[in-house]
Amino acid sequence: MSWVRAIAADQLGFYWEHSLWPRLQGLTDDEYYWEPVPGCWSVRPDADGRYVPDHPGAGGEPDPPPVTTLAWRITHIAVGAFYTRASTFFGDGSVPAEADMFDPRHRPDSLPPTAAGALELLRSSFEWWRDGLLSMDEEAFTRPLGPRGSFFAEQSMAQLALHLNRETMHHGGEICLLRDLYRATGGRPV
C-alpha cells in the first residue's frame with residue numbers, strides 16, 4: 001500500500017493546481033457574495049460581528065436545500081473539508097486531543113469577510129491538510145482514525161483523504177459553475 005498516500009495527495013494536488021485554484025483567480029467581493037436566486041445560503045456577520053456560514057439550525061436542512069453563494073461554497077471547502085480535518089489530525093495542540101473532527105473548536109473563530117481573505121484561508125487550509133497527509137507514514141495512513149474520526153472512527157485516513165478529494169472536486173465544480181453563471185449574467189440574478 002505504499003502508493004496509496006502518494007496517489008491520494010497527487011490526485012488532490014493535480015485538481016488544485018490545474019482545475020480549482022486557477023479558476024478562483026480574480027474573484028471579487030461582489031462575485032463572492034453574489035446571490036443568483038433569492039434565499040441563498042451565504043456567509044454573513046452574526047450578532048457579534050463574526051462571519052459565519054448560513055446553516056439549517058435545529059430544524060435540519062430544508063428540502064430541497066438552498067442554492068449557495070461562492071462565499072458559502074469556498075468556505076465550506078476551506079473549513080468544512082481542510083481546516084477542521086487538518087486541525088484534528090495535524091494541529092498544534094491548541095484543541096484538546098479528545099475533540100473529534102466535528103468539534104467546533106476545530107473551526108476558525110470567524111470566516112474572512114472578503115474574497116481575498118477567503119482565498120487565503122482556502123489556500124492555507126489546503127496546504128495544511130496536504131502537508132499533513134504527506135508527513136504521514138503508510139501505517140498511520142491506513143490504520144483506523146479512532147475517536148477523533150467520530151462516526152468514521154473505523155475508517156482509515158486513506159478513506160478520509162479520498163472522501164475529502166471527492167468533496168473538493170464536487171464543490172469545486174459547483175464553484176466553477178457559479179463563476180460561469182456570474183460572468184454570463186453580469187452578476188444579475190438568474
# chains A, B, ... in the order shown; residues from 1 in each chain; ligands from 1
call {"tool": "residues_around", "arguments": {"residues": "Pro104 of chain A", "least_positions_apart": "5", "cutoff": "12 Å", "atoms": "only C-alpha atoms", "output": "number ranges by chain"}}
result
A: 79-80, 83-85, 87-88, 95-96, 99, 109-110
call {"tool": "write_last_selection", "arguments": {"atoms": "N, CA and C atoms", "output": "JSON list (two decimals), in the first residue's frame"}}
result
[["chain", "number", "residue", "atom", "x", "y", "z"],
["A", 79, "VAL", "N", -12.96, 25.31, 5.30],
["A", 79, "VAL", "CA", -13.12, 24.95, 6.71],
["A", 79, "VAL", "C", -13.70, 23.55, 6.88],
["A", 80, "GLY", "N", -14.82, 23.27, 6.22],
["A", 80, "GLY", "CA", -15.50, 22.00, 6.41],
["A", 80, "GLY", "C", -14.72, 20.80, 5.93],
["A", 83, "TYR", "N", -9.64, 22.65, 6.87],
["A", 83, "TYR", "CA", -9.21, 23.26, 8.13],
["A", 83, "TYR", "C", -9.54, 22.37, 9.33],
["A", 84, "THR", "N", -10.80, 21.92, 9.41],
["A", 84, "THR", "CA", -11.19, 21.13, 10.58],
["A", 84, "THR", "C", -10.44, 19.81, 10.63],
["A", 85, "ARG", "N", -10.24, 19.19, 9.49],
["A", 85, "ARG", "CA", -9.53, 17.90, 9.48],
["A", 85, "ARG", "C", -8.05, 18.09, 9.77],
["A", 87, "SER", "N", -6.75, 20.53, 11.53],
["A", 87, "SER", "CA", -6.66, 20.85, 12.94],
["A", 87, "SER", "C", -6.79, 19.60, 13.80],
["A", 88, "THR", "N", -7.70, 18.71, 13.42],
["A", 88, "THR", "CA", -7.93, 17.48, 14.18],
["A", 88, "THR", "C", -6.72, 16.56, 14.15],
["A", 95, "VAL", "N", -6.24, 22.60, 20.46],
["A", 95, "VAL", "CA", -7.54, 21.98, 20.67],
["A", 95, "VAL", "C", -7.28, 20.65, 21.38],
["A", 96, "PRO", "N", -8.02, 20.35, 22.45],
["A", 96, "PRO", "CA", -7.77, 19.11, 23.20],
["A", 96, "PRO", "C", -7.81, 17.87, 22.29],
["A", 99, "ALA", "N", -11.06, 16.05, 21.22],
["A", 99, "ALA", "CA", -12.02, 16.71, 20.33],
["A", 99, "ALA", "C", -12.03, 16.01, 18.98],
["A", 109, "ASP", "N", -12.49, 31.18, 14.50],
["A", 109, "ASP", "CA", -13.49, 31.96, 15.22],
["A", 109, "ASP", "C", -14.42, 32.74, 14.28],
["A", 110, "SER", "N", -13.87, 33.19, 13.17],
["A", 110, "SER", "CA", -14.65, 33.95, 12.20],
["A", 110, "SER", "C", -14.13, 33.63, 10.81]]
call {"tool": "select_by_dssp", "arguments": {"residues": "segment 20-72 of chain A", "states": "helix (DSSP H, G or I)", "output": "ChimeraX atom specification"}}
result
/A:20-24,29-33,57-59,70-72
call {"tool": "atom_distance", "arguments": {"atom1": "atom CA of Glu61 of chain A", "atom2": "atom CA of Gly173 of chain A"}}
result
21.6 Å
call {"tool": "residues_around", "arguments": {"residues": "segment 35-44 of chain A", "least_positions_apart": "5", "cutoff": "6 Å", "atoms": "only C-alpha atoms", "output": "list in words"}}
result
Tyr51, Val52, Pro53, Asp54, Pro66, Val67, Thr68, Thr69, Ala71, Trp72, Pro189 and Val190 of chain A
call {"tool": "write_last_selection", "arguments": {"atoms": "N, CA and C atoms", "output": "tab-separated table (two decimals), in the first residue's frame"}}
result
chain	number	residue	atom	x	y	z
A	51	TYR	N	-18.06	36.52	11.05
A	51	TYR	CA	-18.63	35.99	9.81
A	51	TYR	C	-18.79	34.48	9.94
A	52	VAL	N	-20.01	34.02	9.70
A	52	VAL	CA	-20.35	32.61	9.86
A	52	VAL	C	-21.18	32.16	8.66
A	53	PRO	N	-21.16	30.86	8.34
A	53	PRO	CA	-21.97	30.37	7.23
A	53	PRO	C	-23.43	30.21	7.67
A	54	ASP	N	-24.34	30.47	6.75
A	54	ASP	CA	-25.73	30.10	6.99
A	54	ASP	C	-25.78	28.59	7.12
A	66	PRO	N	-31.10	25.02	-0.03
A	66	PRO	CA	-30.96	26.28	-0.75
A	66	PRO	C	-29.77	26.28	-1.70
A	67	VAL	N	-29.84	27.14	-2.70
A	67	VAL	CA	-28.69	27.44	-3.54
A	67	VAL	C	-27.70	28.18	-2.64
A	68	THR	N	-26.42	27.98	-2.90
A	68	THR	CA	-25.41	28.63	-2.07
A	68	THR	C	-24.57	29.60	-2.89
A	69	THR	N	-24.00	30.57	-2.21
A	69	THR	CA	-23.12	31.54	-2.85
A	69	THR	C	-21.71	30.98	-2.96
A	71	ALA	N	-19.27	32.40	-1.57
A	71	ALA	CA	-18.76	32.54	-0.21
A	71	ALA	C	-19.02	31.27	0.59
A	72	TRP	N	-20.25	30.76	0.50
A	72	TRP	CA	-20.61	29.56	1.27
A	72	TRP	C	-19.79	28.37	0.78
A	189	PRO	N	-29.35	38.36	-10.92
A	189	PRO	CA	-29.98	37.07	-10.53
A	189	PRO	C	-30.43	36.29	-11.76
A	190	VAL	N	-30.41	35.01	-11.66
A	190	VAL	CA	-30.76	34.13	-12.77
A	190	VAL	C	-32.28	34.08	-12.94
call {"tool": "select_by_dssp", "arguments": {"residues": "segment 43-115 of chain A", "states": "strand (DSSP E or B)", "output": "ChimeraX atom specification"}}
result
/A:43-45,51-53,68
call {"tool": "closest_residue", "arguments": {"among": "A:Ile74, A:Pro147, A:Tyr32, A:His18", "to": "Glu174 of chain A", "atoms": "only C-alpha atoms"}}
result
A:Ile74
call {"tool": "residues_around", "arguments": {"residues": "Asp30 of chain A", "least_positions_apart": "6", "cutoff": "10 Å", "atoms": "only C-alpha atoms", "output": "list in words"}}
result
Thr114, Ala115, Tyr182 and Gly187 of chain A
call {"tool": "write_last_selection", "arguments": {"atoms": "C-alpha atoms", "output": "mmCIF file, in the first residue's frame"}}
result
data_model
loop_
_atom_site.group_PDB
_atom_site.id
_atom_site.type_symbol
_atom_site.label_atom_id
_atom_site.label_comp_id
_atom_site.auth_asym_id
_atom_site.auth_seq_id
_atom_site.Cartn_x
_atom_site.Cartn_y
_atom_site.Cartn_z
ATOM 1 C CA THR A 114 -13.629 39.307 1.755
ATOM 2 C CA ALA A 115 -12.981 37.167 -1.289
ATOM 3 C CA TYR A 182 -21.934 35.190 -12.723
ATOM 4 C CA GLY A 187 -23.984 39.409 -11.826
#
